[in-house]
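The block underneath contains the structure these notes are about, expressed in structure tokens.
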Amino acid sequence: MNGARVAIVTGAATGIGAACARALSAEGYRVGVHYRSSADRAAKLIAELDDAFGLQADLADPEAIDALVKELKQVAGRVDVLVNNAGYNENAPMLTMKLDTYDAVADLARGTWYLTKLLLRRFMLRSEGGSIINITSVVGATGNPGQIPYTMVKAGLDAFTKSLAQELAGRPIRVNSVAPGFIETEMTEELPEEIREAILARVPQGRMGTPEEVADVVAFLATRGSYVNGTVLHVNGGLYGG
Ligand code: NAP
């Protein structure tokens, strides 16, 4: 197959996704920076990287995913690595959580499944060594009060990882999850101080992780890790070992 290897990172304008885009660019990939609403931040990141292009879509909307895949054919023509990083959460206890919140979290998970299916069919099955990396969360394994839809979706994505790795048996594509613990991003910035302190008390390394520490594991799975398949790699400073 001709041309530079292409990596697509969803939700790449911010936080962990932006760190993944930088890490994959440093590994020599041409990077597709997907974003939903953070257009300015995506544009800045694209300008910073050696060879990158933007892709806009609300992944909760299947028609937007169809359009993204069409556009990808024009701008890249190949996909070797897919990092399903986009995630959504709103905290509320079970008894007061709105159906709309559940739908927003679940519709994005459906979009992750649909985007992966289309990219596999259109591009990735032709890659000589593809890698799909799903960014899940430690709370998919441990549970977390106030985050029931989010924990359901993250646990489900870990199951998606394992099932898809088995379905792709015999193909040169590996599928893995990277499950971060508590990482310093805008998602965790909103945590009240007492919750932040309670979390840190449970982390043996005594600090939150950085987006770069997650991206480092993603880059490993994309470029090396050739016998790591169908598994969940926890990146959490010792909070939970799997
Ligand atoms: P973040 O900065 O809030 O990133 C979330 C990204 O998801 C944003 O770039 C956002 O895009 C995108 N997104 C949300 N809803 C979307 C939708 N419907 N369609 C398309 N894109 C959508 O948070 P982050 O901490 O970097 O999170 C990245 C991933 O790591 C998520 O999957 C999260 O669950 C996971 N994670 C984070 C932590 C942590 O401690 N931070 C821990 C465990 C797991 P726009 O900004 O363009 O709208």
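Convention: chains lettered A, B, ... in structure tokens order; per-chain residue numbering from 1; ligands numbered from 1 as shown.
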Problem set entry | Who sits within 10 Å of Ile65 of chain A, only C-alpha atoms, same chain under 2 positions skipped, as a ChimeraX atom specification | /A:56-63,67-71,111-112,114-115,118
Problem set entry | Given 6 Å and only C-alpha atoms and all ligand atoms, residues near ligand 1 as a ChimeraX atom specification | /A:11-17,35-38,57-60,85-88,108,135-137,180-188
Problem set entry | Selected residue, from A:Arg196, A:His34, A:Leu233, A:Val228, that lies nearest to Ala64 of chain A when counting only C-alpha atoms | A:His34
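Each of A:Arg171, A:His234, A:Arg202, A:Lys44 was compared to Leu120 of chain A using only C-alpha atoms, and A:Arg171 turns out to be the nearest.
Atom pair atom CA of Lys162 of chain A / atom CA of Arg174 of chain A: separated by 10.1 Å.
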For this session: Going by DSSP on the backbone, which bits of chain A are helix (DSSP H, G or I)? Write them as a PyMOL selection string, please.
Result: chain A and resi 15-26+39-48+62-75+99-122+124-126+138-142+148-167+186-189+193-201+211-223
Go ahead and write the residues just picked, C-alpha atoms, as an mmCIF file, in the first residue's frame.
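Listing of out-v5.cif after writing:
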```cif
data_model
loop_
_atom_site.group_PDB
_atom_site.id
_atom_site.type_symbol
_atom_site.label_atom_id
_atom_site.label_comp_id
_atom_site.auth_asym_id
_atom_site.auth_seq_id
_atom_site.Cartn_x
_atom_site.Cartn_y
_atom_site.Cartn_z
ATOM 1 C CA GLY A 15 -6.810 16.013 26.580
ATOM 2 C CA ILE A 16 -5.763 12.402 26.074
ATOM 3 C CA GLY A 17 -6.742 12.449 22.368
ATOM 4 C CA ALA A 18 -4.430 15.394 21.610
ATOM 5 C CA ALA A 19 -1.570 13.636 23.412
ATOM 6 C CA CYS A 20 -2.258 10.480 21.338
ATOM 7 C CA ALA A 21 -2.231 12.515 18.101
ATOM 8 C CA ARG A 22 1.150 14.051 19.063
ATOM 9 C CA ALA A 23 2.618 10.671 20.055
ATOM 10 C CA LEU A 24 1.503 8.974 16.817
ATOM 11 C CA SER A 25 2.782 11.897 14.762
ATOM 12 C CA ALA A 26 6.153 11.525 16.499
ATOM 13 C CA ALA A 39 -12.625 23.227 15.841
ATOM 14 C CA ASP A 40 -10.135 25.931 16.906
ATOM 15 C CA ARG A 41 -8.140 23.565 19.079
ATOM 16 C CA ALA A 42 -8.135 20.933 16.333
ATOM 17 C CA ALA A 43 -6.828 23.516 13.829
ATOM 18 C CA LYS A 44 -3.988 24.518 16.202
ATOM 19 C CA LEU A 45 -3.004 20.889 16.736
ATOM 20 C CA ILE A 46 -3.057 20.157 12.981
ATOM 21 C CA ALA A 47 -0.770 23.169 12.388
ATOM 22 C CA GLU A 48 1.606 21.887 15.079
ATOM 23 C CA PRO A 62 -24.498 7.709 12.169
ATOM 24 C CA GLU A 63 -25.031 9.954 9.107
ATOM 25 C CA ALA A 64 -22.150 12.159 10.243
ATOM 26 C CA ILE A 65 -19.995 9.029 10.486
ATOM 27 C CA ASP A 66 -20.976 8.007 6.937
ATOM 28 C CA ALA A 67 -19.897 11.475 5.736
ATOM 29 C CA LEU A 68 -16.605 11.281 7.678
ATOM 30 C CA VAL A 69 -15.728 7.944 6.086
ATOM 31 C CA LYS A 70 -16.492 9.329 2.617
ATOM 32 C CA GLU A 71 -14.247 12.327 3.282
ATOM 33 C CA LEU A 72 -11.506 10.046 4.565
ATOM 34 C CA LYS A 73 -11.431 8.260 1.222
ATOM 35 C CA GLN A 74 -10.645 11.589 -0.476
ATOM 36 C CA VAL A 75 -8.096 12.953 2.006
ATOM 37 C CA LEU A 99 -32.735 9.537 30.067
ATOM 38 C CA ASP A 100 -31.082 12.151 27.793
ATOM 39 C CA THR A 101 -27.793 11.697 29.661
ATOM 40 C CA TYR A 102 -27.948 7.941 29.238
ATOM 41 C CA ASP A 103 -28.675 8.408 25.524
ATOM 42 C CA ALA A 104 -25.769 10.832 24.990
ATOM 43 C CA VAL A 105 -23.304 8.390 26.576
ATOM 44 C CA ALA A 106 -24.742 5.318 24.831
ATOM 45 C CA ASP A 107 -25.133 6.956 21.386
ATOM 46 C CA LEU A 108 -21.419 7.822 21.367
ATOM 47 C CA ALA A 109 -20.590 4.178 22.191
ATOM 48 C CA ARG A 110 -22.800 3.068 19.266
ATOM 49 C CA GLY A 111 -20.868 5.546 17.094
ATOM 50 C CA THR A 112 -17.575 3.997 18.204
ATOM 51 C CA TRP A 113 -18.852 0.598 17.092
ATOM 52 C CA TYR A 114 -20.169 1.988 13.777
ATOM 53 C CA LEU A 115 -17.033 3.999 12.922
ATOM 54 C CA THR A 116 -14.849 0.971 13.670
ATOM 55 C CA LYS A 117 -17.009 -1.255 11.452
ATOM 56 C CA LEU A 118 -16.846 1.168 8.513
ATOM 57 C CA LEU A 119 -13.108 1.859 8.824
ATOM 58 C CA LEU A 120 -12.399 -1.872 8.997
ATOM 59 C CA ARG A 121 -14.482 -2.589 5.882
ATOM 60 C CA ARG A 122 -13.308 0.367 3.808
ATOM 61 C CA MET A 124 -8.172 -1.337 7.696
ATOM 62 C CA LEU A 125 -8.592 -4.884 6.378
ATOM 63 C CA ARG A 126 -6.116 -3.883 3.637
ATOM 64 C CA VAL A 138 -10.643 1.922 35.151
ATOM 65 C CA VAL A 139 -14.242 2.600 36.248
ATOM 66 C CA GLY A 140 -15.494 0.122 33.620
ATOM 67 C CA ALA A 141 -13.804 -2.543 35.749
ATOM 68 C CA THR A 142 -14.364 -1.159 39.256
ATOM 69 C CA ILE A 148 -23.618 4.341 35.772
ATOM 70 C CA PRO A 149 -24.096 4.864 31.999
ATOM 71 C CA TYR A 150 -20.414 5.809 31.620
ATOM 72 C CA THR A 151 -19.234 2.713 33.523
ATOM 73 C CA MET A 152 -21.635 0.502 31.506
ATOM 74 C CA VAL A 153 -20.276 1.847 28.242
ATOM 75 C CA LYS A 154 -16.618 1.550 29.257
ATOM 76 C CA ALA A 155 -17.102 -2.058 30.449
ATOM 77 C CA GLY A 156 -18.939 -2.751 27.179
ATOM 78 C CA LEU A 157 -16.086 -1.291 25.129
ATOM 79 C CA ASP A 158 -13.642 -3.621 26.905
ATOM 80 C CA ALA A 159 -15.894 -6.522 25.845
ATOM 81 C CA PHE A 160 -16.003 -5.051 22.310
ATOM 82 C CA THR A 161 -12.178 -5.110 22.296
ATOM 83 C CA LYS A 162 -12.057 -8.790 23.266
ATOM 84 C CA SER A 163 -14.813 -9.907 20.871
ATOM 85 C CA LEU A 164 -13.435 -7.974 17.897
ATOM 86 C CA ALA A 165 -9.898 -9.302 18.472
ATOM 87 C CA GLN A 166 -11.387 -12.814 18.265
ATOM 88 C CA GLU A 167 -13.509 -11.999 15.177
ATOM 89 C CA GLU A 186 -10.551 18.965 31.497
ATOM 90 C CA MET A 187 -12.722 15.922 32.309
ATOM 91 C CA THR A 188 -11.109 15.609 35.775
ATOM 92 C CA GLU A 189 -10.504 19.365 36.321
ATOM 93 C CA GLU A 193 -11.288 19.172 45.780
ATOM 94 C CA GLU A 194 -12.467 16.627 48.401
ATOM 95 C CA ILE A 195 -13.170 14.010 45.700
ATOM 96 C CA ARG A 196 -9.781 14.708 44.097
ATOM 97 C CA GLU A 197 -8.054 14.152 47.468
ATOM 98 C CA ALA A 198 -10.054 10.967 48.133
ATOM 99 C CA ILE A 199 -9.011 9.625 44.709
ATOM 100 C CA LEU A 200 -5.343 10.441 45.220
ATOM 101 C CA ALA A 201 -5.387 8.671 48.599
ATOM 102 C CA PRO A 211 -2.279 12.511 29.009
ATOM 103 C CA GLU A 212 1.248 11.811 27.706
ATOM 104 C CA GLU A 213 1.562 8.753 29.965
ATOM 105 C CA VAL A 214 -1.600 7.316 28.379
ATOM 106 C CA ALA A 215 -0.482 8.290 24.863
ATOM 107 C CA ASP A 216 2.822 6.503 25.392
ATOM 108 C CA VAL A 217 0.964 3.193 25.858
ATOM 109 C CA VAL A 218 -1.228 3.942 22.820
ATOM 110 C CA ALA A 219 1.874 4.584 20.673
ATOM 111 C CA PHE A 220 3.381 1.315 21.924
ATOM 112 C CA LEU A 221 0.240 -0.612 20.921
ATOM 113 C CA ALA A 222 0.123 1.098 17.518
ATOM 114 C CA THR A 223 3.737 0.583 16.548
#
```
Exercise. So which one's closest to Ser131 of chain A, A:Leu191, A:Leu239, A:Ala7, A:Ala92? Using only C-alpha atoms, please.
Worked result: A:Ala7
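Taking atom CA of Val79 of chain A as the reference point, atom CA of Ser127 of chain A is found at 7.2 Å.
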Exercise. Among segment 12-232 of chain A, which residues carry a DSSP assignment of strand (DSSP E or B), reported as a PyMOL selection string?
Worked result: chain A and resi 30-35+52-56+81-84+130-135+173-180+183+209+232
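Across the structure, atom CA of Gly230 of chain A and atom CA of Asp80 of chain A are spaced 17.2 Å apart.
Nearest to Asn91 of chain A of all the residues A:Ser226, A:Thr231, A:Ser177, A:Gln147 is A:Gln147, counting only C-alpha atoms.
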